$ cat structure_36.txt   # compact mmCIF, C-alpha atoms and all ligand atoms
# COMPACT_ATOMS: atom_id res chain seq x y z
CA MET T 199 -105.83 156.50 113.40
CA ALA T 200 -108.79 158.17 115.15
CA LYS T 201 -107.53 157.83 118.72
CA ILE T 202 -106.63 161.10 120.49
CA LYS T 203 -104.53 161.11 123.64
CA LYS T 204 -103.67 163.78 126.20
CA ALA T 205 -100.09 165.02 126.60
CA SER T 206 -100.23 164.00 130.26
CA GLU T 207 -100.76 160.35 129.31
CA SER T 208 -97.16 160.18 128.10
CA LEU T 209 -95.67 161.72 131.27
CA THR T 210 -92.54 159.84 132.35
CA ILE T 211 -90.49 160.67 135.45
CA MET T 212 -87.07 159.10 136.10
CA THR T 213 -85.20 159.77 139.36
CA ASN T 214 -81.57 158.65 139.80
CA ILE T 215 -78.61 159.33 142.04
CA VAL T 216 -75.43 160.49 140.22
CA LEU T 217 -72.78 157.78 140.71
CA PRO T 218 -68.98 158.32 140.43
CA ASN T 219 -68.71 156.30 137.18
CA GLU T 220 -71.12 158.75 135.49
CA THR T 221 -69.14 161.91 136.21
CA ASN T 222 -66.56 164.03 134.37
CA SER T 223 -63.22 165.25 135.74
CA LEU T 224 -65.06 168.00 137.64
CA ARG T 225 -67.15 165.32 139.40
CA ASN T 226 -70.35 166.50 137.78
CA LEU T 227 -72.70 164.32 135.73
CA PHE T 228 -71.04 163.73 132.32
CA GLY T 229 -73.02 165.29 129.44
CA GLY T 230 -73.12 162.04 127.42
CA GLU T 231 -74.56 160.15 130.41
CA LEU T 232 -77.25 162.78 130.77
CA LEU T 233 -78.08 162.56 127.06
CA ALA T 234 -78.51 158.78 127.35
CA LYS T 235 -80.82 159.21 130.36
CA MET T 236 -82.83 161.85 128.46
CA ASP T 237 -83.13 159.57 125.41
CA ARG T 238 -84.38 156.69 127.61
CA CYS T 239 -86.92 158.87 129.41
CA ALA T 240 -88.16 160.46 126.16
CA SER T 241 -88.44 157.10 124.39
CA ILE T 242 -90.72 155.81 127.18
CA SER T 243 -92.96 158.89 126.74
CA ALA T 244 -93.07 158.30 122.98
CA ALA T 245 -93.93 154.60 123.42
CA ARG T 246 -96.61 155.47 126.00
CA HIS T 247 -98.19 157.87 123.53
CA CYS T 248 -98.25 155.61 120.46
CA GLU T 249 -98.30 152.20 122.18
CA ARG T 250 -95.70 151.03 119.65
CA ARG T 251 -91.97 150.50 119.33
CA VAL T 252 -90.21 153.80 118.69
CA VAL T 253 -86.81 154.92 117.38
CA THR T 254 -85.03 158.21 117.95
CA ALA T 255 -85.07 160.12 114.66
CA SER T 256 -83.33 163.29 115.89
CA VAL T 257 -82.12 165.17 118.92
CA ASN T 258 -83.27 168.66 118.04
CA HIS T 259 -82.01 170.71 120.93
CA VAL T 260 -80.22 170.13 124.22
CA SER T 261 -78.88 172.78 126.58
CA PHE T 262 -76.77 172.30 129.70
CA ASN T 263 -77.32 175.27 132.00
CA HIS T 264 -76.21 173.96 135.41
CA PRO T 265 -73.96 171.05 136.44
CA ILE T 266 -75.40 168.16 138.48
CA PRO T 267 -72.87 167.03 141.14
CA GLU T 268 -71.79 163.51 142.06
CA GLY T 269 -74.10 162.19 144.77
CA GLY T 270 -76.84 164.56 143.66
CA VAL T 271 -80.27 163.45 142.56
CA VAL T 272 -81.18 163.93 138.90
CA VAL T 273 -84.86 164.06 138.00
CA LEU T 274 -85.99 163.78 134.37
CA GLU T 275 -89.52 164.51 133.25
CA SER T 276 -90.70 163.98 129.66
CA LYS T 277 -93.94 164.31 127.73
CA VAL T 278 -94.95 164.20 124.08
CA SER T 279 -95.34 167.84 123.03
CA ARG T 280 -96.90 167.16 119.61
CA ALA T 281 -97.83 164.17 117.50
CA PHE T 282 -97.56 164.35 113.70
CA SER T 283 -98.33 161.47 111.29
CA THR T 284 -95.76 158.86 112.30
CA SER T 285 -93.39 161.03 114.32
CA MET T 286 -93.72 162.89 117.59
CA GLU T 287 -91.79 165.56 119.43
CA VAL T 288 -90.88 164.82 123.04
CA TYR T 289 -89.79 167.52 125.49
CA VAL T 290 -87.50 166.50 128.36
CA ASP T 291 -86.91 168.70 131.41
CA VAL T 292 -84.12 167.91 133.87
CA TRP T 293 -83.76 169.00 137.50
CA SER T 294 -81.00 168.67 140.07
CA ASP T 295 -82.70 167.77 143.33
CA ASP T 296 -81.07 168.20 146.74
CA PRO T 297 -83.32 166.27 149.13
CA ILE T 298 -81.30 167.33 152.20
CA ASN T 299 -81.55 171.09 151.63
CA GLN T 300 -84.81 170.65 149.74
CA LYS T 301 -83.60 172.64 146.73
CA LYS T 302 -84.62 171.70 143.20
CA ILE T 303 -83.18 173.57 140.22
CA HIS T 304 -84.02 173.20 136.53
CA THR T 305 -80.66 172.33 134.96
CA ASN T 306 -81.56 171.74 131.33
CA SER T 307 -84.02 170.59 128.72
CA GLY T 308 -83.97 168.70 125.46
CA ILE T 309 -86.22 168.19 122.47
CA TYR T 310 -86.28 164.82 120.73
CA THR T 311 -88.11 163.39 117.72
CA PHE T 312 -89.25 159.76 117.77
CA VAL T 313 -90.86 157.69 115.03
CA ALA T 314 -93.23 154.78 115.67
CA VAL T 315 -92.24 151.71 113.67
CA ASP T 316 -93.78 148.35 112.80
CA GLU T 317 -92.07 144.94 112.98
CA PHE T 318 -90.17 145.76 109.75
CA ASN T 319 -88.95 149.12 111.17
CA ARG T 320 -91.25 151.02 108.81
CA PRO T 321 -92.91 154.20 110.12
CA ILE T 322 -96.57 153.72 111.13
CA PRO T 323 -99.35 156.21 112.01
CA ILE T 324 -99.72 157.31 115.61
CA PRO T 325 -102.63 158.76 117.67
CA ASP T 326 -103.15 162.52 117.66
CA MET T 327 -102.35 164.47 120.81
CA VAL T 328 -104.21 167.25 122.61
CA PRO T 329 -102.36 169.72 124.87
CA GLU T 330 -104.15 170.89 128.02
CA THR T 331 -101.94 173.12 130.22
CA GLU T 332 -100.57 176.51 129.10
CA GLU T 333 -97.05 175.07 128.85
CA GLU T 334 -98.28 172.09 126.80
CA LYS T 335 -100.14 174.47 124.47
CA GLU T 336 -97.04 176.68 123.97
CA ARG T 337 -94.81 173.70 123.23
CA TYR T 338 -97.44 172.21 120.89
CA ALA T 339 -97.76 175.50 118.96
CA ALA T 340 -94.02 175.81 118.30
CA ALA T 341 -93.40 172.12 117.52
CA PHE T 342 -94.25 172.35 113.81
CA ARG T 343 -91.58 175.04 113.28
CA ARG T 344 -89.05 172.90 115.15
CA LYS T 345 -89.97 169.86 113.01
CA GLU T 346 -89.36 171.89 109.85
CA LEU T 347 -86.03 173.17 111.19
CA SER T 348 -84.94 169.64 112.09
CA LEU T 349 -85.90 168.37 108.61
CA ILE T 350 -83.96 171.23 106.99
CA LEU T 351 -80.86 170.64 109.16
CA SER T 352 -80.93 166.91 108.37
CA GLY T 353 -81.18 167.63 104.63
CA ARG T 354 -84.69 166.12 104.38
CA MET T 355 -86.37 169.41 103.47
CA LYS T 356 -85.30 172.44 101.44
CA PRO T 357 -85.71 175.75 103.32
CA LEU T 358 -88.06 177.05 100.60
CA GLU T 359 -90.35 174.03 101.10
CA SER T 360 -91.04 174.99 104.73
CA VAL T 361 -94.40 176.49 105.64
CA GLU T 362 -94.20 177.89 109.18
CA LEU T 363 -90.45 178.52 109.32
CA LYS T 364 -90.42 180.53 106.10
CA LYS T 365 -92.99 182.92 107.55
CA LEU T 366 -90.48 184.02 110.21
CA PHE T 367 -88.12 185.38 107.53
CA GLN T 368 -90.67 186.98 105.24
CA GLU T 369 -91.09 190.75 105.11
CA PRO T 370 -94.56 191.81 106.26
CA GLN T 371 -96.71 192.38 103.15
CA GLU T 372 -98.43 195.72 102.53
CA PRO T 373 -102.21 195.22 102.62
CA LYS T 374 -103.53 195.06 99.03
CA LYS T 375 -105.47 198.14 97.93
CA ASP T 376 -108.97 197.71 96.49
CA LYS T 377 -109.13 198.10 92.71
CA LYS T 378 -111.21 201.07 91.56
C1 LIG A 401 -84.73 154.66 121.02
C2 LIG A 401 -83.40 154.62 120.25
O1 LIG A 401 -82.44 155.05 120.74
S1 LIG A 401 -83.41 153.99 118.65
C3 LIG A 401 -81.72 154.09 118.04
C4 LIG A 401 -81.40 155.29 117.27
N1 LIG A 401 -82.30 155.52 116.17
C5 LIG A 401 -82.29 154.79 115.03
O2 LIG A 401 -81.55 153.83 114.84
C6 LIG A 401 -83.24 155.24 113.95
C7 LIG A 401 -82.61 155.12 112.55
N2 LIG A 401 -83.46 155.76 111.55
C8 LIG A 401 -84.52 155.11 110.97
O3 LIG A 401 -84.80 153.95 111.25
C9 LIG A 401 -85.35 155.88 109.95
O4 LIG A 401 -84.57 156.95 109.44
C10 LIG A 401 -86.66 156.46 110.58
C11 LIG A 401 -87.57 155.31 111.04
C12 LIG A 401 -86.38 157.39 111.76
C13 LIG A 401 -87.39 157.29 109.51
O5 LIG A 401 -87.60 156.43 108.42
P1 LIG A 401 -87.89 157.01 106.94
O6 LIG A 401 -88.11 155.84 106.06
O7 LIG A 401 -86.87 158.00 106.58
O8 LIG A 401 -89.30 157.66 107.16
P2 LIG A 401 -89.97 159.00 106.68
O9 LIG A 401 -89.14 159.84 105.76
O10 LIG A 401 -91.33 158.61 106.22
O11 LIG A 401 -90.09 159.80 108.07
C14 LIG A 401 -90.95 159.32 109.08
C15 LIG A 401 -91.29 160.48 109.98
O12 LIG A 401 -90.11 160.89 110.68
C16 LIG A 401 -89.91 162.28 110.50
N3 LIG A 401 -88.48 162.51 110.53
C17 LIG A 401 -87.52 161.77 109.95
N4 LIG A 401 -86.31 162.32 110.21
C18 LIG A 401 -86.55 163.41 110.97
C19 LIG A 401 -85.70 164.42 111.54
N5 LIG A 401 -84.37 164.41 111.39
N6 LIG A 401 -86.29 165.40 112.27
C20 LIG A 401 -87.63 165.45 112.43
N7 LIG A 401 -88.47 164.53 111.91
C21 LIG A 401 -87.93 163.54 111.18
C22 LIG A 401 -90.56 162.58 109.14
O13 LIG A 401 -90.86 163.94 109.00
C23 LIG A 401 -91.80 161.72 109.24
O14 LIG A 401 -92.71 162.36 110.11
P3 LIG A 401 -94.32 162.34 109.91
O15 LIG A 401 -94.68 161.02 109.31
O16 LIG A 401 -94.85 162.47 111.30
O17 LIG A 401 -94.66 163.51 109.07
$ encode --input "structure_36.txt" --output "structure tokens" --more "lines below"
Ligand SMILES: CC(=O)SCCNC(=O)CCNC(=O)[C@H](O)C(C)(C)COP(=O)(O)OP(=O)(O)OC[C@H]1O[C@@H](n2cnc3c(N)ncnc32)[C@H](O)[C@@H]1OP(=O)(O)O
Amino acid sequence: MAKIKKASESLTIMTNIVLPNETNSLRNLFGGELLAKMDRCASISAARHCERRVVTASVNHVSFNHPIPEGGVVVLESKVSRAFSTSMEVYVDVWSDDPINQKKIHTNSGIYTFVAVDEFNRPIPIPDMVPETEEEKERYAAAFRRKELSLILSGRMKPLESVELKKLFQEPQEPKKDKK
């Protein structure tokens, strides 16, 4: 598919208030609820990028650094960070927003992989993606390593078959001397 899209074209922002039925016993947003919100937000970004139906293939990384309290405002922002052949990586950032005190803190992020599928749920090719901002470029550059790691962890790739990831664990080679 020749079409190339910008990362910003997949930008999705979801803003919600944290309701009591979404909280844990500490009255903070329950982790599983947050994961579901992140999956929804990321799947919209993926569908915006490929203009197809998408399925979640893997949740590669999620961290929870700060709690989001009941009654607080949770803001999710997602964008495709790299498109491969039929799959794409989507980065989700989450903030806790306090509109009264006008404080917004980054609480966590997550990295998801989605696959575009046809009407028979078979993977189909997707448009390429071009990063523009510094952050988009950094995330794009590291996405191939993360894809390899995800494939290894899911048993779809043997560690020795990796290209980028393997380089991280290789000893630096001595430069070859010219033959006399
Ligand atoms: C939005 C939702 O919540 S959907 C509900 C939850 N998700 C689901 O039910 C999905 C269930 N899984 C499936 O349907 C299938 O396993 C699929 C569609 C994800 C993959 O189908 P497969 O026939 O295995 O396809 P295939 O091996 O060709 O992989 C397709 C692409 O996904 C990538 N992929 C598959 N699994 C992973 C993984 N764990 N991590 C990273 N990438 C993966 C492959 O590398 C390939 O990428 P590429 O074409 O861009 O190089």
$ closest_atom_pairs --input "structure_36.txt" --of "chain T" --to "ligand LIG 401 (chain A)" --cutoff "7 Å" --atoms "all atoms listed in the file" --output "tab-separated table"
residue	atom	partner	partner_atom	distance
T:Asp237	CA	A:LIG401	O1	6.5
T:Arg238	CA	A:LIG401	C1	6.9
T:Ser241	CA	A:LIG401	C1	5.6
T:Val252	CA	A:LIG401	C1	6.0
T:Val253	CA	A:LIG401	S1	3.7
T:Thr254	CA	A:LIG401	N1	4.2
T:Ala255	CA	A:LIG401	C12	4.2
T:Ser256	CA	A:LIG401	N5	4.8
T:Phe282	CA	A:LIG401	O16	4.1
T:Ser283	CA	A:LIG401	O16	3.6
T:Thr284	CA	A:LIG401	O15	3.8
T:Ser285	CA	A:LIG401	O16	3.7
T:Met286	CA	A:LIG401	O16	6.4
T:Thr311	CA	A:LIG401	C20	5.7
T:Val313	CA	A:LIG401	O12	5.5
T:Val315	CA	A:LIG401	C11	6.5
T:Asn319	CA	A:LIG401	C11	6.3
T:Arg320	CA	A:LIG401	C11	6.1
T:Pro321	CA	A:LIG401	C11	5.5
T:Lys345	CA	A:LIG401	C20	5.0
T:Ser348	CA	A:LIG401	N6	4.5
T:Leu349	CA	A:LIG401	N6	4.7
T:Ser352	CA	A:LIG401	N5	5.2
$ residues_around --input "structure_36.txt" --residues "stretch 227-235 of chain T" --least-positions-apart "4" --cutoff "12 Å" --atoms "all atoms listed in the file" --output "count of residues only"
49
$ closest_residue --input "structure_36.txt" --among "T:Cys248, T:Val328, T:Ile322, T:Ile303" --to "T:Ile202" --atoms "all atoms listed in the file"
T:Val328
$ closest_residue --input "structure_36.txt" --among "T:Arg225, T:Lys277, T:Arg246, T:Lys365" --to "T:Ser206" --atoms "all atoms listed in the file"
T:Lys277
$ atom_distance --input "structure_36.txt" --atom1 "atom CA of T:Pro325" --atom2 "atom CA of T:Glu287"
12.9 Å
$ closest_residue --input "structure_36.txt" --among "T:Pro323, T:Lys203, T:Leu347, T:Ala314" --to "T:Lys364" --atoms "all atoms listed in the file"
T:Leu347
$ atom_distance --input "structure_36.txt" --atom1 "atom CA of T:Val361" --atom2 "atom CA of T:Ala205"
24.6 Å
$ atom_distance --input "structure_36.txt" --atom1 "atom CA of T:Ala245" --atom2 "atom CA of T:Asp316"
12.3 Å
$ closest_residue --input "structure_36.txt" --among "T:Arg251, T:Lys356, T:Arg343, T:Lys201" --to "T:Asp326" --atoms "only C-alpha atoms"
T:Lys201
$ residues_around --input "structure_36.txt" --residues "T:Ser279" --least-positions-apart "2" --cutoff "6 Å" --atoms "only C-alpha atoms" --output "compact mmCIF listing (two decimals) with C-alpha atoms, in the coordinates of the input"
# COMPACT_ATOMS: atom_id res chain seq x y z
CA GLU T 287 -91.79 165.56 119.43
CA VAL T 288 -90.88 164.82 123.04
CA ARG T 337 -94.81 173.70 123.23
CA TYR T 338 -97.44 172.21 120.89
$ build_atoms --input "structure_36.txt" --residues "stretch 327-338 of chain T" --atoms "all heavy atoms" --output "tab-separated table (two decimals), in the coordinates of the input"
chain	number	residue	atom	x	y	z
T	327	MET	N	-102.55	164.08	119.42
T	327	MET	CA	-102.35	164.47	120.81
T	327	MET	C	-102.96	165.83	121.11
T	327	MET	O	-102.88	166.74	120.27
T	327	MET	CB	-100.86	164.53	121.12
T	327	MET	CG	-100.55	164.57	122.60
T	327	MET	SD	-99.18	165.65	122.94
T	327	MET	CE	-99.92	167.25	122.85
T	328	VAL	N	-103.61	165.97	122.26
T	328	VAL	CA	-104.21	167.25	122.61
T	328	VAL	C	-103.50	167.82	123.85
T	328	VAL	O	-103.35	167.14	124.86
T	328	VAL	CB	-105.74	167.12	122.81
T	328	VAL	CG1	-106.10	166.07	123.82
T	328	VAL	CG2	-106.37	168.43	123.17
T	329	PRO	N	-103.00	169.08	123.71
T	329	PRO	CA	-102.36	169.72	124.87
T	329	PRO	C	-103.43	170.31	125.79
T	329	PRO	O	-104.48	170.73	125.32
T	329	PRO	CB	-101.52	170.82	124.23
T	329	PRO	CG	-102.25	171.17	122.97
T	329	PRO	CD	-102.98	169.95	122.51
T	330	GLU	N	-103.16	170.36	127.08
T	330	GLU	CA	-104.15	170.89	128.02
T	330	GLU	C	-103.64	172.10	128.81
T	330	GLU	O	-104.29	173.13	128.86
T	330	GLU	CB	-104.59	169.79	129.00
T	330	GLU	CG	-105.36	168.68	128.30
T	330	GLU	CD	-105.80	167.61	129.27
T	330	GLU	OE1	-104.91	167.02	129.93
T	330	GLU	OE2	-107.01	167.37	129.37
T	331	THR	N	-102.46	172.01	129.41
T	331	THR	CA	-101.94	173.12	130.22
T	331	THR	C	-101.38	174.21	129.30
T	331	THR	O	-101.14	173.97	128.11
T	331	THR	CB	-100.82	172.64	131.16
T	331	THR	OG1	-99.70	172.25	130.35
T	331	THR	CG2	-101.26	171.46	132.02
T	332	GLU	N	-101.13	175.39	129.89
T	332	GLU	CA	-100.57	176.51	129.10
T	332	GLU	C	-99.23	176.11	128.50
T	332	GLU	O	-98.94	176.38	127.34
T	332	GLU	CB	-100.39	177.76	129.99
T	332	GLU	CG	-101.66	178.57	130.14
T	332	GLU	CD	-102.36	178.84	128.81
T	332	GLU	OE1	-101.73	179.39	127.90
T	332	GLU	OE2	-103.56	178.50	128.70
T	333	GLU	N	-98.38	175.47	129.33
T	333	GLU	CA	-97.05	175.07	128.85
T	333	GLU	C	-97.18	174.05	127.71
T	333	GLU	O	-96.49	174.15	126.69
T	333	GLU	CB	-96.22	174.48	129.99
T	333	GLU	CG	-94.80	174.14	129.57
T	333	GLU	CD	-94.00	173.53	130.69
T	333	GLU	OE1	-94.33	172.40	131.14
T	333	GLU	OE2	-93.04	174.17	131.13
T	334	GLU	N	-98.08	173.09	127.86
T	334	GLU	CA	-98.28	172.09	126.80
T	334	GLU	C	-98.75	172.77	125.52
T	334	GLU	O	-98.31	172.40	124.43
T	334	GLU	CB	-99.31	171.05	127.25
T	334	GLU	CG	-98.80	170.07	128.29
T	334	GLU	CD	-99.90	169.22	128.93
T	334	GLU	OE1	-101.07	169.31	128.51
T	334	GLU	OE2	-99.58	168.49	129.87
T	335	LYS	N	-99.62	173.77	125.66
T	335	LYS	CA	-100.14	174.47	124.47
T	335	LYS	C	-99.02	175.24	123.76
T	335	LYS	O	-98.94	175.26	122.54
T	335	LYS	CB	-101.28	175.40	124.86
T	335	LYS	CG	-102.57	174.65	125.16
T	335	LYS	CD	-103.67	175.56	125.62
T	335	LYS	CE	-104.87	174.77	126.09
T	335	LYS	NZ	-105.84	175.55	126.84
T	336	GLU	N	-98.16	175.91	124.56
T	336	GLU	CA	-97.04	176.68	123.97
T	336	GLU	C	-96.09	175.75	123.22
T	336	GLU	O	-95.66	176.04	122.11
T	336	GLU	CB	-96.24	177.37	125.08
T	336	GLU	CG	-96.79	178.71	125.49
T	336	GLU	CD	-96.08	179.26	126.71
T	336	GLU	OE1	-94.90	178.96	126.91
T	336	GLU	OE2	-96.75	179.97	127.49
T	337	ARG	N	-95.75	174.63	123.86
T	337	ARG	CA	-94.81	173.70	123.23
T	337	ARG	C	-95.44	173.08	121.97
T	337	ARG	O	-94.75	172.89	120.97
T	337	ARG	CB	-94.39	172.62	124.23
T	337	ARG	CG	-93.47	173.21	125.31
T	337	ARG	CD	-93.06	172.22	126.36
T	337	ARG	NE	-92.07	172.84	127.25
T	337	ARG	CZ	-91.44	172.21	128.23
T	337	ARG	NH1	-91.70	170.94	128.46
T	337	ARG	NH2	-90.54	172.85	128.96
T	338	TYR	N	-96.72	172.78	122.04
T	338	TYR	CA	-97.44	172.21	120.89
T	338	TYR	C	-97.39	173.20	119.71
T	338	TYR	O	-97.09	172.83	118.58
T	338	TYR	CB	-98.89	171.93	121.30
T	338	TYR	CG	-99.77	171.34	120.22
T	338	TYR	CD1	-99.96	169.96	120.15
T	338	TYR	CD2	-100.42	172.16	119.30
T	338	TYR	CE1	-100.77	169.40	119.15
T	338	TYR	CE2	-101.22	171.61	118.30
T	338	TYR	CZ	-101.40	170.24	118.24
T	338	TYR	OH	-102.19	169.69	117.27
